[in-house]
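Worksheet: one structure, shown below.
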Amino acid sequence: MKQVVRGFYSVAYAVKLCKPNVICAYPITPQTEIVENLAAMYANGELGDAEYITAESEFGAASMLVGASAAGARVFTATCSQGLILMSEVLFNAAGMRLPIVLVNTNRALSAPLSIWNDHQDSMAMRDAGIMQVYVENNQEAHDMIPQAYKVAENRKVLLPFMICMDGYKLTHAYEPVDLLDQETVDSFLPPYEPAAYMTTRKPLAFGCYAPPHIYMEFRVAMQQAMERARDVMLEVYKEWAEVSGRDWGGHIVVDYPDSKIFVVAMGSVVGLLRKVVEELRNEGLSVGLIKIRTFRPFPIDELRKALKDAERVVALDRSVSFGYEGPVSIELKSAIYGHSSAEVYSYTVGLGGRDMPKDFLEGIIRDVVEGKEKPGFAFKGHHDFEEVVP
Amino acid sequence: MVKILIEVRFHGRGGQGAVTAADLLAVAGFKEGYYTLSFPMFGAEKRGTPVVSFLRISDEPIVARDEVYNPDYVVVLDPTVMETVNVVAGLKEGGMLIANYPKGSEDLKAELKADDLGFKVATINATKMAMEALGRPITNTTMVGAFGGATRLVALETIVEVVKEWFKGELAEKNAKLVEKAYRYMMEVCR
């Protein structure tokens with residue numbers, strides 16, 4: 001039944017329906033209310049025999065989840081920003097140990113300067129960890145992704161951590177209608193986790209130990225192969241989800257107006273407003289389309305090549321930057337379409353640290369590209385002009 | 001279908017419940033069949049600092065998550081916020097300022113030169129009402145009722161129902177009464 005709930009609750013409720021065995025977290029804004037909701041459910045006896053552990057830090061939380069997951073538990077955590085990068089040492093291990101940990105990252109900027117607001121710099125810092133990453137547009141999609149994330153991560157062809165990225169504040173703090181799943185639907189979709197191998201005193205195993213040069217590389221090649229297999233597993237799971245829930249979120253990317261000459265590419269909560277902007281520009285007769293990237297890892301190479309084959313210009317909007325180059329979405333998009341499309345790419349980093357992206361602003365940057373007022377290449381958009389003092 | 005999109009901006013001070021005010025109306029609006037979206041503009045999360053939150057009500061799914069720059073309504077939960085914040089910035093022509101204010105609508109209208117700027121003003125002494133009912137200057141439910149009475153976008157019964165679900169026990173009853181009092185008062189003011 002559709003209810004107006006806060007983003008936090010839409011996540012926590014879906015996690016509960018997935019019947020995790022261990023939830024372990026450390027609070028950080030704007031994530032805290034997810035685990036607060038789960039802690040309340042735990043205290044009220046609504047989480048079955050799940051263990052809820054309040055860690056002393058994100059490092060501790062991730063470490064406990066690695067242990068629990070290696071012992072065969074279905075686990076969950078949520079974090080963001082400094083919390084995510086504090087977890088990173090452990091999360092790189094979790095991926096290498098092939099543990100299907102599911103986590104929600106409520107995207108928030110990184111320090112310094114300290115910012116509690118939204119951008120994608122935190123999850124981008126985890127790009128190379130071996131963790132699947134999906135970016136959601138609204139709280140319904142966040143809610144729906146939780147069972148799908150477990151199903152993909154726990155598939156024996158995959159066995160890698162799965163990170164659902166949802167924009168902090170813009171989604172987490174928003175009250176909006178969400179069709180909350182019921183237990184029956186989730187149970188019919190998501191079977192209990194049956195680990196391929198797990199730690200037990202009856203049959204001792206070691207995870208992630210010492211790999212000298214003659215064997216280390218094979219483990220890493222296997223991770224890449226798992227990530228490659230995840231492409232198809234995800235698509236199968238997405239399709240099954242559409243059948244079970246009646247909500248089809250599409251594949252790795254979603255293309256509006258595929259016959260367009262100019263495309264805007266974006267991820268996350270800004271996509272909704274962009275869809276409206278693009279629709280209005282279409283009504284003016286401009287050949288503008290929209291590509292929403294859902295799956296960022298594995299990167300949707302084939303889908304983007306196909307979608308941009310005949311495109312003339314691409315406006316790639318990044319919510320982060322790799323200092324000294326440009327935004328990661330732009331970098332990867334260019335790399336993906338190299339040799340497959342002659343489109344010029346306009347790489348714009350926007351909305352850092354919660355800088356708002358009003359409709360006029362989005363429309364303006366697209367219009368400037370459409371009208372040929374811009375040159376291809378990298379730029380920040382939406383910042384104030386200032387004179388930097390070089391001491 | 002008639003396409004409507006109503007955008008509301010709430011100004012208050014940390015601790016008065018400006019965020020909850022927008023949230024209550026999002027829940028109430030949805031109960032009446034609208035699509036709704038509410039979200040706060042978070043700043044330094046301290047009691048007493050100016051706080052802003054937003055509400056959108058529409059008859060189609062809401063995709064815009066940018067801040068509200070041109071509100072149809074501005075709701076002010078604390079009269080002193082108006083001393084430091086230009087609460088009516090971007091308020092649409094023909095829009096309305098619904099303010100917790102110790103004096104009458106005409107006084108605030110004159111002070112803000114509202115007639116020249118083309119917006120309506122309706123005031124209610126929400127601090128006094130909240131102090132009497134709750135013993136605390138938490139004005140959110142009063143202003144939610146005032147918004148309902150001034151705009152008639154959401155029925156009194158719906159807001160009362162939501163408030164009773166939101167709060168518990170005696171607090172629910174006290175706040176429900178405040179909503180009703182403010183709603184009826186504003187219906188008179190905005191006749």
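We name chains A, B, ... following the order of the structure tokens; residues begin at 1 in each chain, and ligands are numbered from 1 as shown.
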
Up to 8 Å from chain B, what residues of chain A turn up? Count only C-alpha atoms and give them as a ChimeraX atom specification. /A:4,169-170,173-177,269-270,272-273,276,356-359

Include C-alpha atoms and write out the residues we just selected as a compact mmCIF listing (two decimals), in the first residue's frame.
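Writing done, so here's again.txt:
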# COMPACT_ATOMS: atom_id res chain seq x y z
CA VAL A 4 3.95 8.81 2.68
CA TYR A 169 18.86 14.80 2.28
CA LYS A 170 17.30 15.01 -1.18
CA HIS A 173 15.00 13.28 4.50
CA ALA A 174 12.16 13.52 2.00
CA TYR A 175 8.65 12.41 2.82
CA GLU A 176 7.01 11.08 -0.31
CA PRO A 177 4.60 8.31 -1.32
CA SER A 269 17.95 12.14 -7.52
CA VAL A 270 18.50 14.95 -10.06
CA GLY A 272 13.60 13.30 -12.06
CA LEU A 273 13.88 17.04 -12.60
CA LYS A 276 11.03 17.30 -16.88
CA ASP A 356 21.27 23.20 -5.26
CA MET A 357 20.52 22.49 -8.92
CA PRO A 358 17.35 24.43 -9.71
CA LYS A 359 15.41 23.81 -12.86

Could you give me, as a PDB file with C-alpha atoms, in the first residue's frame, the residues within 9 Å of stretch 104-115 of chain B, counting only C-alpha atoms and dropping anything in the same chain fewer than 5 positions from it?
ATOM      1  CA  VAL B  88       8.986  36.559   1.190  1.00  0.00           C
ATOM      2  CA  ALA B  99       2.791  34.154   9.540  1.00  0.00           C
ATOM      3  CA  LYS B 120      -1.528  38.483   0.547  1.00  0.00           C
ATOM      4  CA  VAL B 121      -0.793  38.342   4.247  1.00  0.00           C
ATOM      5  CA  ALA B 122      -2.562  36.436   7.014  1.00  0.00           C
ATOM      6  CA  THR B 123      -1.319  36.444  10.594  1.00  0.00           C
ATOM      7  CA  ILE B 124      -2.060  34.426  13.685  1.00  0.00           C
ATOM      8  CA  ASN B 125      -0.536  34.682  17.161  1.00  0.00           C
ATOM      9  CA  VAL B 189      -9.124  35.795   8.686  1.00  0.00           C
TER      10      VAL B 189
END

Residues of stretch 89-216 of chain A classed as alpha helix (DSSP H) by DSSP on the backbone are to be reported as a ChimeraX atom specification. /A:89-96,121-124,139-153,183-189,213-216

Just-selected residues, N, CA and C atoms written as an mmCIF file, in the first residue's frame:
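Output file selection.cif is given in full below:
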data_model
loop_
_atom_site.group_PDB
_atom_site.id
_atom_site.type_symbol
_atom_site.label_atom_id
_atom_site.label_comp_id
_atom_site.auth_asym_id
_atom_site.auth_seq_id
_atom_site.Cartn_x
_atom_site.Cartn_y
_atom_site.Cartn_z
ATOM 1 N N GLU A 89 38.938 0.486 4.047
ATOM 2 C CA GLU A 89 39.997 -0.524 4.203
ATOM 3 C C GLU A 89 39.373 -1.910 4.329
ATOM 4 N N VAL A 90 38.260 -1.950 5.084
ATOM 5 C CA VAL A 90 37.576 -3.225 5.313
ATOM 6 C C VAL A 90 36.784 -3.642 4.069
ATOM 7 N N LEU A 91 36.160 -2.668 3.412
ATOM 8 C CA LEU A 91 35.293 -2.999 2.277
ATOM 9 C C LEU A 91 36.093 -3.541 1.088
ATOM 10 N N PHE A 92 37.307 -3.015 0.893
ATOM 11 C CA PHE A 92 38.149 -3.600 -0.161
ATOM 12 C C PHE A 92 38.405 -5.071 0.170
ATOM 13 N N ASN A 93 38.594 -5.365 1.447
ATOM 14 C CA ASN A 93 38.757 -6.756 1.884
ATOM 15 C C ASN A 93 37.501 -7.577 1.642
ATOM 16 N N ALA A 94 36.348 -6.989 1.979
ATOM 17 C CA ALA A 94 35.075 -7.705 1.833
ATOM 18 C C ALA A 94 34.886 -8.142 0.385
ATOM 19 N N ALA A 95 35.247 -7.248 -0.554
ATOM 20 C CA ALA A 95 35.108 -7.582 -1.975
ATOM 21 C C ALA A 95 36.075 -8.704 -2.344
ATOM 22 N N GLY A 96 37.296 -8.584 -1.883
ATOM 23 C CA GLY A 96 38.305 -9.601 -2.166
ATOM 24 C C GLY A 96 37.942 -10.953 -1.569
ATOM 25 N N GLN A 121 30.944 12.247 -4.121
ATOM 26 C CA GLN A 121 32.385 12.034 -3.964
ATOM 27 C C GLN A 121 32.703 10.799 -3.115
ATOM 28 N N ASP A 122 31.843 10.513 -2.142
ATOM 29 C CA ASP A 122 32.136 9.392 -1.228
ATOM 30 C C ASP A 122 32.088 8.037 -1.945
ATOM 31 N N SER A 123 30.989 7.769 -2.657
ATOM 32 C CA SER A 123 30.891 6.460 -3.307
ATOM 33 C C SER A 123 31.889 6.338 -4.455
ATOM 34 N N MET A 124 32.213 7.475 -5.086
ATOM 35 C CA MET A 124 33.192 7.424 -6.175
ATOM 36 C C MET A 124 34.576 7.030 -5.664
ATOM 37 N N ASN A 139 12.780 7.445 -3.556
ATOM 38 C CA ASN A 139 12.734 6.526 -2.413
ATOM 39 C C ASN A 139 12.046 5.203 -2.743
ATOM 40 N N GLN A 140 11.194 5.205 -3.750
ATOM 41 C CA GLN A 140 10.601 3.939 -4.182
ATOM 42 C C GLN A 140 11.691 3.039 -4.784
ATOM 43 N N GLU A 141 12.545 3.649 -5.586
ATOM 44 C CA GLU A 141 13.613 2.866 -6.202
ATOM 45 C C GLU A 141 14.597 2.361 -5.138
ATOM 46 N N ALA A 142 14.869 3.200 -4.133
ATOM 47 C CA ALA A 142 15.747 2.777 -3.029
ATOM 48 C C ALA A 142 15.131 1.583 -2.314
ATOM 49 N N HIS A 143 13.853 1.689 -2.028
ATOM 50 C CA HIS A 143 13.106 0.620 -1.349
ATOM 51 C C HIS A 143 13.174 -0.676 -2.160
ATOM 52 N N ASP A 144 12.905 -0.561 -3.437
ATOM 53 C CA ASP A 144 12.870 -1.728 -4.323
ATOM 54 C C ASP A 144 14.249 -2.349 -4.539
ATOM 55 N N MET A 145 15.296 -1.530 -4.440
ATOM 56 C CA MET A 145 16.641 -2.052 -4.720
ATOM 57 C C MET A 145 17.163 -2.970 -3.626
ATOM 58 N N ILE A 146 16.637 -2.865 -2.416
ATOM 59 C CA ILE A 146 17.214 -3.633 -1.302
ATOM 60 C C ILE A 146 17.107 -5.148 -1.568
ATOM 61 N N PRO A 147 15.901 -5.687 -1.805
ATOM 62 C CA PRO A 147 15.841 -7.130 -2.084
ATOM 63 C C PRO A 147 16.620 -7.529 -3.340
ATOM 64 N N GLN A 148 16.607 -6.644 -4.333
ATOM 65 C CA GLN A 148 17.332 -6.953 -5.577
ATOM 66 C C GLN A 148 18.829 -7.016 -5.322
ATOM 67 N N ALA A 149 19.318 -6.132 -4.454
ATOM 68 C CA ALA A 149 20.753 -6.111 -4.140
ATOM 69 C C ALA A 149 21.185 -7.425 -3.498
ATOM 70 N N TYR A 150 20.370 -7.921 -2.559
ATOM 71 C CA TYR A 150 20.715 -9.209 -1.935
ATOM 72 C C TYR A 150 20.717 -10.329 -2.961
ATOM 73 N N LYS A 151 19.698 -10.293 -3.824
ATOM 74 C CA LYS A 151 19.581 -11.380 -4.793
ATOM 75 C C LYS A 151 20.777 -11.403 -5.755
ATOM 76 N N VAL A 152 21.234 -10.248 -6.160
ATOM 77 C CA VAL A 152 22.388 -10.177 -7.062
ATOM 78 C C VAL A 152 23.664 -10.565 -6.313
ATOM 79 N N ALA A 153 23.873 -9.932 -5.158
ATOM 80 C CA ALA A 153 25.129 -10.135 -4.420
ATOM 81 C C ALA A 153 25.314 -11.597 -4.021
ATOM 82 N N GLN A 183 5.742 -8.803 3.047
ATOM 83 C CA GLN A 183 6.650 -9.911 3.326
ATOM 84 C C GLN A 183 6.513 -11.026 2.290
ATOM 85 N N GLU A 184 5.273 -11.279 1.907
ATOM 86 C CA GLU A 184 5.020 -12.363 0.961
ATOM 87 C C GLU A 184 5.751 -12.133 -0.368
ATOM 88 N N THR A 185 5.645 -10.913 -0.872
ATOM 89 C CA THR A 185 6.299 -10.579 -2.147
ATOM 90 C C THR A 185 7.805 -10.775 -2.035
ATOM 91 N N VAL A 186 8.382 -10.251 -0.963
ATOM 92 C CA VAL A 186 9.838 -10.359 -0.800
ATOM 93 C C VAL A 186 10.243 -11.821 -0.617
ATOM 94 N N ASP A 187 9.477 -12.564 0.165
ATOM 95 C CA ASP A 187 9.797 -13.984 0.367
ATOM 96 C C ASP A 187 9.743 -14.769 -0.943
ATOM 97 N N SER A 188 8.789 -14.418 -1.802
ATOM 98 C CA SER A 188 8.663 -15.157 -3.061
ATOM 99 C C SER A 188 9.801 -14.830 -4.017
ATOM 100 N N PHE A 189 10.444 -13.676 -3.780
ATOM 101 C CA PHE A 189 11.502 -13.214 -4.683
ATOM 102 C C PHE A 189 12.892 -13.584 -4.167
ATOM 103 N N PRO A 213 52.889 -13.658 -4.825
ATOM 104 C CA PRO A 213 52.777 -13.275 -6.244
ATOM 105 C C PRO A 213 52.293 -14.390 -7.173
ATOM 106 N N HIS A 214 52.549 -15.609 -6.861
ATOM 107 C CA HIS A 214 52.172 -16.662 -7.816
ATOM 108 C C HIS A 214 50.669 -16.943 -7.807
ATOM 109 N N ILE A 215 49.911 -16.376 -6.827
ATOM 110 C CA ILE A 215 48.491 -16.687 -6.786
ATOM 111 C C ILE A 215 47.582 -15.450 -6.646
ATOM 112 N N TYR A 216 48.139 -14.307 -6.121
ATOM 113 C CA TYR A 216 47.312 -13.120 -5.877
ATOM 114 C C TYR A 216 46.540 -12.685 -7.112
#

Would you kindly return, as an NGL selection string, each protein, DNA or RNA residue with an atom no farther than 8 Å from any atom of B:Leu5, considering only C-alpha atoms and excluding same-chain residues fewer than 6 positions away? :B and (56-59)

Can you write out the residues you just picked, keeping N, CA, C and O atoms, as an mmCIF file, in the first residue's frame?
data_model
loop_
_atom_site.group_PDB
_atom_site.id
_atom_site.type_symbol
_atom_site.label_atom_id
_atom_site.label_comp_id
_atom_site.auth_asym_id
_atom_site.auth_seq_id
_atom_site.Cartn_x
_atom_site.Cartn_y
_atom_site.Cartn_z
ATOM 1 N N ARG B 56 5.847 20.325 -1.571
ATOM 2 C CA ARG B 56 5.203 20.410 -2.887
ATOM 3 C C ARG B 56 3.961 19.541 -2.861
ATOM 4 O O ARG B 56 3.987 18.427 -2.327
ATOM 5 N N ILE B 57 2.887 20.049 -3.409
ATOM 6 C CA ILE B 57 1.632 19.303 -3.518
ATOM 7 C C ILE B 57 1.209 19.364 -4.975
ATOM 8 O O ILE B 57 1.184 20.446 -5.561
ATOM 9 N N SER B 58 0.898 18.194 -5.552
ATOM 10 C CA SER B 58 0.554 18.187 -6.969
ATOM 11 C C SER B 58 -0.436 17.068 -7.265
ATOM 12 O O SER B 58 -0.614 16.164 -6.462
ATOM 13 N N ASP B 59 -1.063 17.165 -8.431
ATOM 14 C CA ASP B 59 -1.929 16.053 -8.823
ATOM 15 C C ASP B 59 -1.214 15.093 -9.760
ATOM 16 O O ASP B 59 -1.815 14.202 -10.339
#

Can you list, as a list in words, every protein, DNA or RNA residue that comes within 7 Å of B:Ile138 when you count only C-alpha atoms, leaving out same-chain residues fewer than 5 positions away?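 Near neighbours after the sequence-gap exclusion: Gln16, Gly17 and Ala130 of chain B.
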
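You will find atom CA of B:Leu156 at 22.5 Å from atom CA of B:Gly12.
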